[in-house]
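The structure appears below as structure tokens.
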There are 2 protein chains.
Amino acid sequence: MRQITFPTTGRPADVAECVDVPDPVLTSDDQILVRVDAFPINPADLLLFRGVYPRNPANGDALGNEATGIVEAVGAAVRGIAPGDRVISLRTDNWRERLLLREHELIRLSPEIGREAAAVLKVNPATALLLLETYAALSPGDWVIQNAANSAVGRALIALAAAKGLRTVNIVRRQGLADELRALGGDHVLLDGDDLAGQVATLTGDAPIRLAVDAVGGASTGRLAGCLSAGGTLVTYGAMSGDPMRIDPARLVFGDLRLRGFWLTRYLAETPRADIVALYQRLSALARTGALAPGVSARFQVSDIRAALAHAEETMGQGKTLVTFDRP
Amino acid sequence: MRQITFPTTGRPADVAECVDVPDPVLTSDDQILVRVDAFPINPADLLLFRGVYPRNPANGDALGNEATGIVEAVGAAVRGIAPGDRVISLRTDNWRERLLLREHELIRLSPEIGREAAAVLKVNPATALLLLETYAALSPGDWVIQNAANSAVGRALIALAAAKGLRTVNIVRRQGLADELRALGGDHVLLDGDDLAGQVATLTGDAPIRLAVDAVGGASTGRLAGCLSAGGTLVTYGAMSGDPMRIDPARLVFGDLRLRGFWLTRYLAETPRADIVALYQRLSALARTGALAPGVSARFQVSDIRAALAHAEETMGQGKTLVTFDRP
């Protein structure tokens, strides 16, 4: 079977390889063999190639945060899963043609969900929903502000917030996105810049904002923090600028601001199985209604992995790059 | 009576004035008249002159975070306070020769506490104790790290941590303080610098550190954050560098770091009276044992307020500047 590897860290499109390795086989009663048919390329995957994470697949770990496929075979002790089921993998070594999983390492999805919606369900929509529900007690009508609003998480957050009756201020870094993000359910779309807090106060009628979501870092973090009301929380899940977060300490001291970080990998490692299953049941129900449009910008065969990675890096924040194991 | 005012914001020693105003008189049964005999100059007072706080005494508010004095007279309905009692004021307009207070606006201290210990009890020791007790559940033997360790709060934190059996790593910005801070009970004293996390790990045997206390901001915040263990909290109460806090978002995302801010004024406004009284009873008991040496570096008459302010600004972090209403 085919598998993505990289012998050294570096630019993903330079170091990635699609290699042939032996097929895995069932060796115990509780195993499930899944034939992967699609995976997306997420920013976190790209960072992994560059050696940003402590875990380093160049030293032998496999990679790939996300993949979906169809169950091919199950061990004799497996009860809830059967051949033909569509599943997503909860592991982080997924860029392989076949996965050998145990039941707690996958989520079975309703067959009505499409392959593409399934392929991008695990990371971005889950991140967006957990950002909205974990760090502030929000009620319909309340405001949330986020930067990187045109990213896959940003778009999912807009849709999920709208479905919950929350209102969003969406900060972007280039012109021309307002109509598109408002069509997803976003209330306001603003360019990041110096007088952000003043502009936001005008747009919201000076309403309190108790949750800010940051994926940019640098000075953008401080500008988001400046929009929060007293006691509000800023939660960061990314660092697209590559710069340290910069925040005026007065916001924390006088404004009682709280800063947190979200990492889906930690959530999945620390959360009881039943809660994880319930989370993905909710998300797949929303995905089936079309509320979480996958936004796939390009599709590549796995043999073209380097082209896929180059495209993903060039178009980050402009739709998902999907890689498939379609057979010719 | 004499009172400190400033008609415009600016350098404290340039804009402060000691003016004569009418003496206050008791006008209702629940009032208490206090003759102030000493107040310290805190960094927060200096910042107020410069217009850093939203509250601006140049527009008419009085100033002064802290003062102690002796009760001169009480209204007919006052029960727990009598003439001759030593008290500290909980208000923030204290740089006046006489204060008209209500009982919830002051704390009565045991007569054994000296004037100087009383004058500096409200802000710095209370801040240090609340920093230690509010943001992490620490047990004897646990480690705490702080920068600005030679400040008045830093020194109080060392002494209070030692009294609780906590161990401290104390970061300073100049040589020659190690013996002095270790004599207060500090375990390690280190110069701030690039490899802080590595040095701290060596000194503590890689022990987990779940609380970091920041009064500097800028890159120092990020270096402190780099010393915290997963799930740890960094709490900031000052910004001596004048720079925005700079922190790698990966510390929040992968390390589940939490950032908070502490402001004594908010604590005093939001906390039930009984808890505030209990806090200062504990602190004054410690002060009487000598565990909280006031560290007064210079004393000035109130008529020399400009010289006092200049000295306080020049020697910040090297002991308290105390101003007295001693009569010639």
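All residue names refer to the structure tokens as shown: chains lettered A, B, ... in order, residues numbered from 1 in each chain, ligands numbered from 1 in order.
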According to DSSP computed on the backbone, where in region 199-303 of chain B is there strand (DSSP E)? Give the residues as number ranges by chain.
B: 209-214, 233-236, 245-247, 258-261, 296-301
Near chain B, which residues of chain A fall within 10 Å when you count only C-alpha atoms, and what do they look like as number ranges by chain?
A: 52-54, 214-219, 221-222, 231, 233-239, 242-266
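Each of A:Ile209, A:Leu184, A:Ile305, A:Ala269 was compared to Cys18 (chain A) using only C-alpha atoms, and A:Ile305 turns out to be the nearest.
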To test your reading of the structure, identify every residue in region 106-159 of chain A that backbone DSSP assigns to helix (DSSP H, G or I), and report it as a PyMOL selection string.
chain A and resi 115-119+124-134+152-159
For the residues selected in the previous step, produce a file with C-alpha atoms as a PDB file, in the first residue's frame.
ATOM      1  CA  ARG A 115     -16.701  11.379   1.442  1.00  0.00           C
ATOM      2  CA  GLU A 116     -15.468  14.964   1.263  1.00  0.00           C
ATOM      3  CA  ALA A 117     -17.492  16.203   4.229  1.00  0.00           C
ATOM      4  CA  ALA A 118     -16.258  13.199   6.219  1.00  0.00           C
ATOM      5  CA  ALA A 119     -12.635  13.835   5.253  1.00  0.00           C
ATOM      6  CA  ASN A 124     -11.674  22.083  11.656  1.00  0.00           C
ATOM      7  CA  PRO A 125     -15.380  21.828  12.521  1.00  0.00           C
ATOM      8  CA  ALA A 126     -14.578  20.151  15.843  1.00  0.00           C
ATOM      9  CA  THR A 127     -12.045  22.851  16.668  1.00  0.00           C
ATOM     10  CA  ALA A 128     -14.567  25.569  15.820  1.00  0.00           C
ATOM     11  CA  LEU A 129     -17.352  24.034  17.921  1.00  0.00           C
ATOM     12  CA  LEU A 130     -15.092  23.424  20.929  1.00  0.00           C
ATOM     13  CA  LEU A 131     -13.720  26.975  20.723  1.00  0.00           C
ATOM     14  CA  LEU A 132     -17.295  28.264  20.864  1.00  0.00           C
ATOM     15  CA  GLU A 133     -18.425  26.022  23.714  1.00  0.00           C
ATOM     16  CA  THR A 134     -15.451  25.603  26.059  1.00  0.00           C
ATOM     17  CA  ALA A 152     -11.368  26.571   7.402  1.00  0.00           C
ATOM     18  CA  VAL A 153     -11.808  26.839  11.182  1.00  0.00           C
ATOM     19  CA  GLY A 154     -12.925  30.455  10.800  1.00  0.00           C
ATOM     20  CA  ARG A 155     -15.575  29.518   8.254  1.00  0.00           C
ATOM     21  CA  ALA A 156     -16.802  26.599  10.343  1.00  0.00           C
ATOM     22  CA  LEU A 157     -16.956  28.889  13.370  1.00  0.00           C
ATOM     23  CA  ILE A 158     -19.115  31.378  11.458  1.00  0.00           C
ATOM     24  CA  ALA A 159     -21.539  28.647  10.433  1.00  0.00           C
TER      25      ALA A 159
END
Compile the contact shell of Leu47 (chain B) as a PDB file with C-alpha atoms, in the first residue's frame: residues with an atom at most 12 Å away, counting only C-alpha atoms, same-chain residues fewer than 4 positions apart removed.
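around-v1.pdb, written as the output of this step:
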ATOM      1  CA  ALA A 250      -3.111  46.408  31.186  1.00  0.00           C
TER       2      ALA A 250
ATOM      3  CA  THR B   9      -0.542  64.761  33.966  1.00  0.00           C
ATOM      4  CA  GLY B  10       3.212  64.499  33.547  1.00  0.00           C
ATOM      5  CA  ARG B  11       6.408  63.587  35.355  1.00  0.00           C
ATOM      6  CA  PRO B  12       5.315  63.189  39.001  1.00  0.00           C
ATOM      7  CA  ILE B  41       4.706  55.926  47.022  1.00  0.00           C
ATOM      8  CA  ASN B  42       3.841  52.871  44.938  1.00  0.00           C
ATOM      9  CA  PRO B  43       4.557  52.347  41.222  1.00  0.00           C
ATOM     10  CA  GLY B  51      -2.200  59.369  32.941  1.00  0.00           C
ATOM     11  CA  VAL B  52      -1.820  55.620  32.435  1.00  0.00           C
ATOM     12  CA  TYR B  53      -4.982  54.715  34.352  1.00  0.00           C
ATOM     13  CA  PRO B  54      -8.501  55.439  33.150  1.00  0.00           C
ATOM     14  CA  ARG B  55      -9.123  57.315  36.424  1.00  0.00           C
ATOM     15  CA  ASN B  56      -7.392  60.686  36.181  1.00  0.00           C
ATOM     16  CA  PRO B  57      -6.959  62.758  39.342  1.00  0.00           C
ATOM     17  CA  LEU B  63      -4.987  60.166  44.505  1.00  0.00           C
ATOM     18  CA  GLY B  64      -2.911  57.822  46.645  1.00  0.00           C
ATOM     19  CA  ASN B  65      -3.418  54.059  46.870  1.00  0.00           C
ATOM     20  CA  GLY B 238       2.627  45.022  36.367  1.00  0.00           C
ATOM     21  CA  ALA B 239       4.506  46.146  33.275  1.00  0.00           C
ATOM     22  CA  MET B 240       7.813  47.588  34.423  1.00  0.00           C
ATOM     23  CA  GLY B 242       6.554  49.315  29.420  1.00  0.00           C
ATOM     24  CA  LEU B 309       8.347  61.406  44.012  1.00  0.00           C
ATOM     25  CA  ALA B 312      10.632  56.954  44.326  1.00  0.00           C
ATOM     26  CA  GLU B 313      10.908  56.987  40.552  1.00  0.00           C
TER      27      GLU B 313
END
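Closest approach to Gly80 (chain B) among B:His104, B:Arg288, B:Arg98, B:Arg273 is made by B:His104 (distances from only C-alpha atoms).
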When you count only C-alpha atoms, which of these residues is closest to Glu72 (chain A): A:Val172, A:Leu181, A:Met1, A:Leu26?
A:Leu26
Of the listed residues B:Val25, B:Leu33, B:Val78, B:Ala308, that which approaches Val323 (chain B) most closely, counting only C-alpha atoms
B:Ala308
How many Å lie between CA of Glu17 (chain B) and CA of Gln3 (chain B), rounded to one decimal?
8.1 Å
If we count only C-alpha atoms, what is near Thr324 (chain A) at a cut-off of 7 Å, once residues fewer than 6 positions away on the same chain are taken out, given as a PyMOL selection string?
chain A and resi 37-39+300-302
